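Asker: This is the structure I have questions about; it appears just below.
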Amino acid sequence: MNDQPHRPRDQQGTESSEAALAQDGADARRAETARRLERSMGRLGTAAVASMEERLPWFRRMSAEDRSWIGLVAQSGVAAFVDWFRNPVRGRPAITVEVFGTAPRELTRSVTLQQTVDMIRVVIDVVEGQVDELAAPGGEHQLREDVLRYTREVAFSSAKVYARAAEARGAWDARLEALIVDALLHGDHQDGLQTWGSSLRWSQTPVIAIAGDSGEEDGNKVLDDLRGAARRLGHDVIAGMQGDRVVVVVGVGSTYPEGELPAAAAEPLAGLFGPGPVVVGPAVPDLRTAGASARAAVSGLRSAVAWPDAPRPVLAEDLLPERVLQGEAGARRQLVEEVYKPLLGAGSPLLDTLSVYLEHASSLEATARMLFVHPNTVRYRLSRIAELTGHTPSDGRGSFVLRIAVALGRLDTTERG
């Protein structure tokens, strides 16, 4: 049973007529407001750009070309809004094509998503500030509501544009990073390194390379973790996979004193690699010379299995003996130059003392008896050896490095005649 009161037909007809008249009035106000907006499009776009220059410091620092593109985006946004406002029955506006389609893709690299949101706020404020002037009499509320609805769609579309750009940029960057790592390891395309680095916004020097294994972890996850950690530390970073091997090239800038490199820069990142050794190449001046650091790190990683007790991370230069044993000619030259030749240049007493000391199981007394000197003389000479080479003869690791270096130096002398 219907409990609603019965209304006479003439009353229903009157209400329908009133609703139709109200709709006609709303449509007329919308049409008049649209005409006013159309006449004001140029002025609104210009006012929006002027307001950005006044309120957004980053906008004033942009290049003239980028400011010009943003001005076109603002003008397109106003024009697209007017067109949509005139025909709201079309539903949601196609923001991406109508507004952002005017700008080059590169603009998303110059303007961040947060800056885009700031620009949207400025445009909203400019339009809202002129609603009373732009709207037809009685259409102010209608215009305000549609402005808010449209700008909400702009905000959502902005997020989509940046998400797609970030996804494409990320995939392209990953491929370029892999290419750079491969070029560094093989010594190829040296002339293109700086250009490639610039496209990745590389600016930090000096540079170090770190190599380790991904382990059972997904290699891409390890790369992403390393990139994220390095960037949080304020570094530039390039990372790539070589099979199960992860190679990371880091521009550390002025974060660490020169004397603390490369160990201090590698320490916060070492735990993100998979199990096993993590090897750090020497610090080099720039990306162009980073190949030397990357090759040293990878060579050290291959050789690190011969030193199970190596620290993590370990410097590639601390693995010179193991690298020599694997046949690396560069490591052999470095060990001779940095260890054997300083001893040779210091005179025969130091070299003779080291040889006797190593042959007699690191015994001070036995060495002193063989050389017919006081034990204190042996102590002094051993301390001088440590100062000259950086390796302590009485230390197990130090004696191993010194023994290999002396043997290589003598072989080198013999081979050269």
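Convention: chains lettered A, B, ... in structure tokens order; per-chain residue numbering from 1; ligands numbered from 1 as shown.
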Could you pull out all residues of region 155-364 of chain A with a DSSP call of strand (DSSP E or B) and give them as a list in words?
Answerer: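 The strand (DSSP E or B) residues within region 155-364 of chain A come out as Val207, Ile208, Ala209, Ile210, Ala211, Gly212, Asp213, Asp236, Val237, Ile238, Ala239, Gly240, Met241, Gln242, Arg245, Val246, Val247, Val248, Val249, Val250, Gly251, Val279, Val280, Val284, Val314 and Leu315 of chain A.
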Asker: Taking 2 positions as the minimum chain separation for residues in the same chain, which residues sit within 8 Å of Ala405 (chain A) when counting only C-alpha atoms? Answer as a PyMOL selection string.
Answerer: chain A and resi 321+335-336+339-340+401-403+407-409
Asker: Can you measure CA of Arg416 (chain A) to CA of Glu387 (chain A) for me? One decimal in Å is fine.
Answerer: 27.7 Å
Asker: Please identify all polymer residues within 9 Å of Val123 (chain A), counting only C-alpha atoms, omitting same-chain residues fewer than 5 positions from it, and present them as a compact mmCIF listing (two decimals) with all heavy atoms, in the first residue's frame.
Answerer:
# COMPACT_ATOMS: atom_id res chain seq x y z
N LEU A 44 44.13 34.69 -18.07
CA LEU A 44 44.29 33.76 -16.95
C LEU A 44 45.63 33.03 -17.02
O LEU A 44 46.33 32.86 -16.01
CB LEU A 44 43.14 32.75 -16.95
CG LEU A 44 41.77 33.28 -16.51
CD1 LEU A 44 40.71 32.21 -16.73
CD2 LEU A 44 41.81 33.67 -15.02
N GLY A 45 45.99 32.58 -18.24
CA GLY A 45 47.27 31.88 -18.39
C GLY A 45 48.44 32.79 -18.05
O GLY A 45 49.38 32.39 -17.36
N ALA A 47 48.35 35.44 -16.10
CA ALA A 47 48.32 35.71 -14.66
C ALA A 47 48.87 34.53 -13.87
O ALA A 47 49.56 34.72 -12.86
CB ALA A 47 46.89 36.02 -14.23
N ALA A 48 48.59 33.31 -14.34
CA ALA A 48 49.09 32.13 -13.65
C ALA A 48 50.61 32.07 -13.70
O ALA A 48 51.28 31.81 -12.68
CB ALA A 48 48.49 30.86 -14.25
N VAL A 49 51.19 32.34 -14.88
CA VAL A 49 52.66 32.33 -15.01
C VAL A 49 53.28 33.44 -14.16
O VAL A 49 54.30 33.24 -13.49
CB VAL A 49 53.06 32.46 -16.49
CG1 VAL A 49 54.58 32.63 -16.61
CG2 VAL A 49 52.60 31.25 -17.28
N SER A 51 52.07 34.71 -11.45
CA SER A 51 51.96 34.31 -10.04
C SER A 51 53.01 33.25 -9.70
O SER A 51 53.56 33.26 -8.59
CB SER A 51 50.55 33.79 -9.77
OG SER A 51 50.38 33.48 -8.41
N MET A 52 53.30 32.35 -10.64
CA MET A 52 54.35 31.35 -10.39
C MET A 52 55.70 32.03 -10.21
O MET A 52 56.47 31.67 -9.32
CB MET A 52 54.43 30.37 -11.57
CG MET A 52 53.28 29.41 -11.68
SD MET A 52 53.48 28.34 -13.13
CE MET A 52 51.78 27.87 -13.44
N ALA A 74 50.20 25.75 -18.85
CA ALA A 74 49.18 26.50 -18.11
C ALA A 74 48.08 26.99 -19.05
O ALA A 74 46.87 26.88 -18.75
CB ALA A 74 49.83 27.69 -17.39
N VAL A 78 44.07 25.85 -19.00
CA VAL A 78 42.92 26.76 -18.94
C VAL A 78 41.99 26.50 -20.12
O VAL A 78 40.76 26.42 -19.96
CB VAL A 78 43.40 28.22 -18.94
CG1 VAL A 78 42.21 29.17 -19.06
CG2 VAL A 78 44.18 28.52 -17.65
N ASP A 118 52.59 22.24 -6.80
CA ASP A 118 52.67 23.67 -6.45
C ASP A 118 52.09 24.54 -7.57
O ASP A 118 51.37 25.52 -7.31
CB ASP A 118 54.13 24.07 -6.19
CG ASP A 118 54.67 23.45 -4.91
OD1 ASP A 118 53.86 23.05 -4.06
OD2 ASP A 118 55.91 23.38 -4.77
N GLU A 128 40.31 31.01 -8.84
CA GLU A 128 39.36 31.25 -7.74
C GLU A 128 39.32 32.72 -7.36
O GLU A 128 38.27 33.24 -6.95
CB GLU A 128 39.73 30.41 -6.52
CG GLU A 128 39.38 28.93 -6.67
CD GLU A 128 39.58 28.17 -5.37
OE1 GLU A 128 40.49 28.55 -4.61
OE2 GLU A 128 38.82 27.22 -5.12
N THR A 151 40.61 20.50 -11.25
CA THR A 151 41.98 20.50 -10.73
C THR A 151 42.30 19.19 -10.00
O THR A 151 43.46 18.75 -9.97
CB THR A 151 42.21 21.69 -9.79
OG1 THR A 151 41.15 21.74 -8.81
CG2 THR A 151 42.24 22.99 -10.55
Asker: What does the distance from CA of Thr255 (chain A) to CA of Gly240 (chain A) come to in Å, to one decimal?
Answerer: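 We find that CA of Thr255 (chain A) and CA of Gly240 (chain A) lie 23.4 Å from each other.
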Asker: Which residue out of A:Arg288, A:Val324, A:Tyr256, A:Leu261 has the minimum interatomic distance to Gly187 (chain A) when only C-alpha atoms are used?
Answerer: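 Of the candidates, the smallest distance to Gly187 (chain A) is held by A:Arg288.
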Asker: At what distance in Å, to one decimal, does CA of Ala136 (chain A) lie from CA of Arg29 (chain A)?
Answerer: 5.6 Å
